[in-house]
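Colleague: Structure incoming, see below.
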Protein chains: 2
Amino acid sequence: MSSPRTSVAQLRGFITACLERLGLPPDEAATCGRLMADAEAQGSDGHGVIRLMPYARRIRAGGMNLHPKIRIAKEKAAMALIDGDNGMGHLVMSRAAQVAIEKAKNCGVAWVGAQHSNHAGPASLYARMALEHGMIGLYFAVGNANHLPPWGGTDMLLSTNPIACAIPAGDEPPIVLDMATTVAAYGKVKAKAQRGEQMPVGWMIDRNGQPLTDPKRAGEGFLLPIGDYKGYGLALVVGILAGTLNGAAMGSETIDFNADDVTHTNTGQAICVIDPDAFGEGEAFKRKVDQLIREMRGSARMPGVDRIWLPGEQSHEKRLRHEREGISLPTALLTQLDDFARGLGVQPLPRT
Amino acid sequence: MSSPRTSVAQLRGFITACLERLGLPPDEAATCGRLMADAEAQGSDGHGVIRLMPYARRIRAGGMNLHPKIRIAKEKAAMALIDGDNGMGHLVMSRAAQVAIEKAKNCGVAWVGAQHSNHAGPASLYARMALEHGMIGLYFAVGNANHLPPWGGTDMLLSTNPIACAIPAGDEPPIVLDMATTVAAYGKVKAKAQRGEQMPVGWMIDRNGQPLTDPKRAGEGFLLPIGDYKGYGLALVVGILAGTLNGAAMGSETIDFNADDVTHTNTGQAICVIDPDAFGEGEAFKRKVDQLIREMRGSARMPGVDRIWLPGEQSHEKRLRHEREGISLPTALLTQLDDFARGLGVQPLPRT
């Protein structure tokens, strides 16, 4: 392909440089740069470099703390509550994952919640942090805008509250589930609108419960939860575990991150880490997971199905390919990033 | 209504008496009788008294251990692995819940898995055990028959692996989510077939991926997971957390509980208990949950919607009504239970 490409390392450096210019200390800027480039590399493009601009808007508006004192507010042997002090969510949840992994080594399992956090990118980033230690990671978050009413209702009181689960394997890539509790994430609706395409039936309904397929009319309707009332139930309990339990915002308290740059979001997230070594023998567990993966992949297939994927397998392949070949960003985004970099006095994102 | 009714206490006594005659020690029979009657009372009729007959079949075939040594096989501060020694799942998971609650009191959170367990009834029974202690309960299980292929596949390698989550409230009834990761549970398909009704599109598909609506043809197709590939991912990770992690059966190892009465099922389940007192102040948490419940219930509604329900609210109302007025069981089931009781030399189930 002849479209310009950027290496993951270049992307990491560019995001880090922009965040430094915006006022983040160098180490913190580098952590966020690494995680945002990782998001882009694994194909979570709605949570990658495109978020630089809204983060910058919030930072400039004083809606985010550039020098947060991220601290453990409450603690027991197998849990902690992290006060993120309104810092970048990436920093808060990196700390939360680190604390959860340390505690899980001692206790077999640990659960760490966060309050006064912010948007932290794709859920899988933090669940995956457990993998390097041979552990299982679960992640729950309150989304940063409400697009979902309770089942049968029309008041948007819930977000797409995502769940992630990362499970280590042996020779196979790890299993990494990362899913919103709605059929489609709101970013997908916006992408359809930008491309002038219609949405399939089942993504959204209007205020009368009728299918809504024109993404330009998205403001008149709601996202549909997976499994109808079941997804509503999941979004609610995930929101309570990630938000209410941590003293973070939930329900009508949720601040629309896109519409309001100033009000502290008090975003809540939670991570649970489980050590398979405590339940048996970690290596044997990984071999059993390999076996399960091969069993799923080896299933007979429906007509027209070329391959059966495991959760996270497509992201894994994208990550390998992007590390090898670089990432090709859309031209419109590149132009936007060039303008943004110029405004900050940062060198434009290199491409080859 | 004039149809015969049975009190919950009578049902409890009847199930207990039957299980004692089948050879369970009196205390264990009483525990199972209480939990199975609770299942019936909360409206989980597919997991209530109707299960007596299949349990009896398995006990008589020697497929279940009447005198299990249920023990902690592995343990750390915040986790345990329970070896159920092939006993009734109700006994194994009651013990697991008890251990998890005790450990959560010390550590703030605890995760207890089970191996060599058996079918234990509805997931919510065990998640709800945390509520009496003001705690949150999460429950995961490997279902007892595979009805779900991986997404795009046709080999039935997964079960309806359910999730439950019970969250304590203050003045409001607790939030209790209890859901299969498929759109419909298999019991609902069987019920449609018995009543000679068609299934709605979206419950099942055939081997070509086309909608299957005739429940008599259920054997030719598969249940659909919620949110398509998302539900497949959920069923897989729930199965790994409840099965593989505990050294219990998963994937092709799953024994079809309905077709095979002899082979040990090595059923896996897991419970996670979280103490809100560790994260803040338990009473304040309950008040926040009350507030969220009222916010959801108070939402403006779609045309034709009379009421917005919270997860578990309908079961809660059924439980109160059944405790007050007794339970009216279907005539066909009553006849079956009379025959069954006669065979055991147990007094028939009383009705008024």
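Just so we're on the same page: first chain in the structure tokens is A, next is B, and so on; residues restart at 1 for each chain, and ligands are numbered from 1 in the order they show up.
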So that I can check the surroundings of segment 110-114 of chain B, please list as a ChimeraX atom specification every protein, DNA and RNA residue that reaches within 7 Å of it, counting only C-alpha atoms and ignoring chain neighbours fewer than 3 positions away.

Modeller: /A:109 /B:78-84,96,100,103-104,107,117,242,246,268-274

Colleague: Those same residues - N, CA and C atoms - I'd like them written as a short mmCIF file (atom, residue, chain, number, x, y, z; two decimals), in the first residue's frame.

Modeller:
data_model
loop_
_atom_site.label_atom_id
_atom_site.label_comp_id
_atom_site.auth_asym_id
_atom_site.auth_seq_id
_atom_site.Cartn_x
_atom_site.Cartn_y
_atom_site.Cartn_z
N VAL A 109 -6.23 -13.10 44.72
CA VAL A 109 -7.15 -12.26 43.95
C VAL A 109 -7.14 -10.86 44.57
N ALA B 78 -7.47 -14.31 50.12
CA ALA B 78 -8.71 -13.82 49.51
C ALA B 78 -9.31 -14.80 48.51
N MET B 79 -8.82 -16.05 48.51
CA MET B 79 -9.38 -17.02 47.56
C MET B 79 -9.40 -18.42 48.17
N ALA B 80 -10.24 -19.26 47.60
CA ALA B 80 -10.21 -20.68 47.93
C ALA B 80 -10.70 -21.44 46.72
N LEU B 81 -10.23 -22.67 46.61
CA LEU B 81 -10.77 -23.60 45.62
C LEU B 81 -11.41 -24.72 46.42
N ILE B 82 -12.72 -24.89 46.22
CA ILE B 82 -13.47 -25.92 46.94
C ILE B 82 -13.54 -27.17 46.07
N ASP B 83 -13.20 -28.31 46.66
CA ASP B 83 -13.42 -29.59 45.98
C ASP B 83 -14.75 -30.14 46.48
N GLY B 84 -15.73 -30.20 45.59
CA GLY B 84 -17.08 -30.60 45.98
C GLY B 84 -17.28 -32.10 46.09
N ALA B 96 -19.10 -22.66 49.40
CA ALA B 96 -18.25 -21.68 48.70
C ALA B 96 -18.65 -20.26 49.08
N ALA B 100 -16.39 -17.47 50.99
CA ALA B 100 -16.12 -16.18 50.32
C ALA B 100 -16.54 -15.02 51.21
N LYS B 103 -13.97 -14.59 54.06
CA LYS B 103 -12.71 -14.03 53.57
C LYS B 103 -12.88 -12.56 53.17
N ALA B 104 -14.05 -12.22 52.61
CA ALA B 104 -14.28 -10.83 52.20
C ALA B 104 -14.36 -9.91 53.42
N CYS B 107 -10.59 -9.36 53.98
CA CYS B 107 -9.75 -8.84 52.88
C CYS B 107 -10.45 -7.78 52.04
N SER B 117 -18.20 -30.11 41.41
CA SER B 117 -19.52 -29.72 41.90
C SER B 117 -20.56 -30.30 40.93
N ALA B 242 -15.20 -19.96 35.63
CA ALA B 242 -15.95 -20.89 36.50
C ALA B 242 -15.47 -22.33 36.34
N ASN B 246 -10.73 -23.53 37.73
CA ASN B 246 -10.93 -24.41 38.88
C ASN B 246 -10.60 -25.87 38.59
N GLY B 268 -18.08 -26.74 37.32
CA GLY B 268 -17.35 -25.63 37.93
C GLY B 268 -18.24 -24.42 38.12
N GLN B 269 -18.10 -23.78 39.27
CA GLN B 269 -18.79 -22.53 39.55
C GLN B 269 -17.84 -21.62 40.31
N ALA B 270 -18.15 -20.34 40.37
CA ALA B 270 -17.31 -19.43 41.14
C ALA B 270 -18.17 -18.33 41.75
N ILE B 271 -17.75 -17.87 42.91
CA ILE B 271 -18.44 -16.76 43.55
C ILE B 271 -17.42 -15.73 43.99
N CYS B 272 -17.74 -14.47 43.78
CA CYS B 272 -16.88 -13.37 44.22
C CYS B 272 -17.72 -12.49 45.14
N VAL B 273 -17.19 -12.17 46.32
CA VAL B 273 -17.92 -11.34 47.28
C VAL B 273 -17.11 -10.08 47.56
N ILE B 274 -17.79 -8.95 47.51
CA ILE B 274 -17.15 -7.63 47.71
C ILE B 274 -17.84 -6.94 48.88
#

Colleague: Tell me, as a VMD selection string, which residues lie within 8 Å of His119 of chain A, counting only C-alpha atoms; anything in the same chain fewer than 2 positions away does not count.

Modeller: chain A and resid 88 to 90 117 121 143 to 144 267

Colleague: Which neighbours of Arg57 of chain B fall inside 12 Å, counting only C-alpha atoms, when residues of the same chain fewer than 4 positions from it are skipped, and could you give them as a list in words?

Modeller: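 Skipping anything fewer than 4 positions along the chain leaves Leu19, Leu22, Arg51, Leu52, Met53, Ala61, Gly62, Gly63, Met64, Phe257, Asn258, Ala259, Asp260, Asp261, Val262 and Phe340 of chain B.
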
Colleague: Write out as JSON, numbers by chain which residues come within 9 Å of Pro174 of chain A when counting only C-alpha atoms, dropping same-chain ones fewer than 6 positions away.

Modeller: {"A": [128, 131, 166, 167, 168, 289, 290, 311, 312, 313, 316]}

Colleague: Keeping C-alpha atoms, export the residues of the selection given above as a PDB file, in the first residue's frame.

Modeller:
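Output saved as out_29.pdb:
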ATOM      1  CA  ARG A 128      -4.132  -6.948  29.686  1.00  0.00           C
ATOM      2  CA  LEU A 131      -1.146 -10.977  31.452  1.00  0.00           C
ATOM      3  CA  ALA A 166      -7.886 -10.845  29.654  1.00  0.00           C
ATOM      4  CA  ILE A 167      -6.898 -14.497  30.111  1.00  0.00           C
ATOM      5  CA  PRO A 168      -3.311 -15.710  29.612  1.00  0.00           C
ATOM      6  CA  VAL A 289      -6.601 -22.368  27.734  1.00  0.00           C
ATOM      7  CA  ASP A 290      -4.530 -23.215  24.617  1.00  0.00           C
ATOM      8  CA  PRO A 311     -12.004 -12.716  21.562  1.00  0.00           C
ATOM      9  CA  GLY A 312      -8.978 -10.438  21.142  1.00  0.00           C
ATOM     10  CA  GLU A 313      -7.417 -12.449  18.326  1.00  0.00           C
ATOM     11  CA  HIS A 316      -3.617  -9.297  18.498  1.00  0.00           C
TER      12      HIS A 316
END

Colleague: Just the number, please: distance in Å from atom CA of Asn106 of chain B to atom CA of Ala73 of chain A, one decimal.

Modeller: 17.7 Å

Colleague: Rounded to one decimal place, report the atom CA of Gly231 of chain A-atom CA of Asn146 of chain A distance in Å.

Modeller: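 Atom-to-atom, atom CA of Gly231 of chain A to atom CA of Asn146 of chain A, that is 14.4 Å.
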
Colleague: Would you mind telling me which residue in B:Ile205, B:Met250, B:Ala41, B:Leu24 lies nearest to Leu320 of chain B when using only C-alpha atoms?

Modeller: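 Among the listed residues, B:Ala41 lies closest to Leu320 of chain B.
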
Colleague: Kindly indicate which residue among B:Ser328, B:Thr160, B:Gln198, B:Gln336 lies nearest to Ala180 of chain B, using only C-alpha atoms for the distances.

Modeller: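 Ranking B:Ser328, B:Thr160, B:Gln198, B:Gln336 by distance to Ala180 of chain B, first place goes to B:Thr160.
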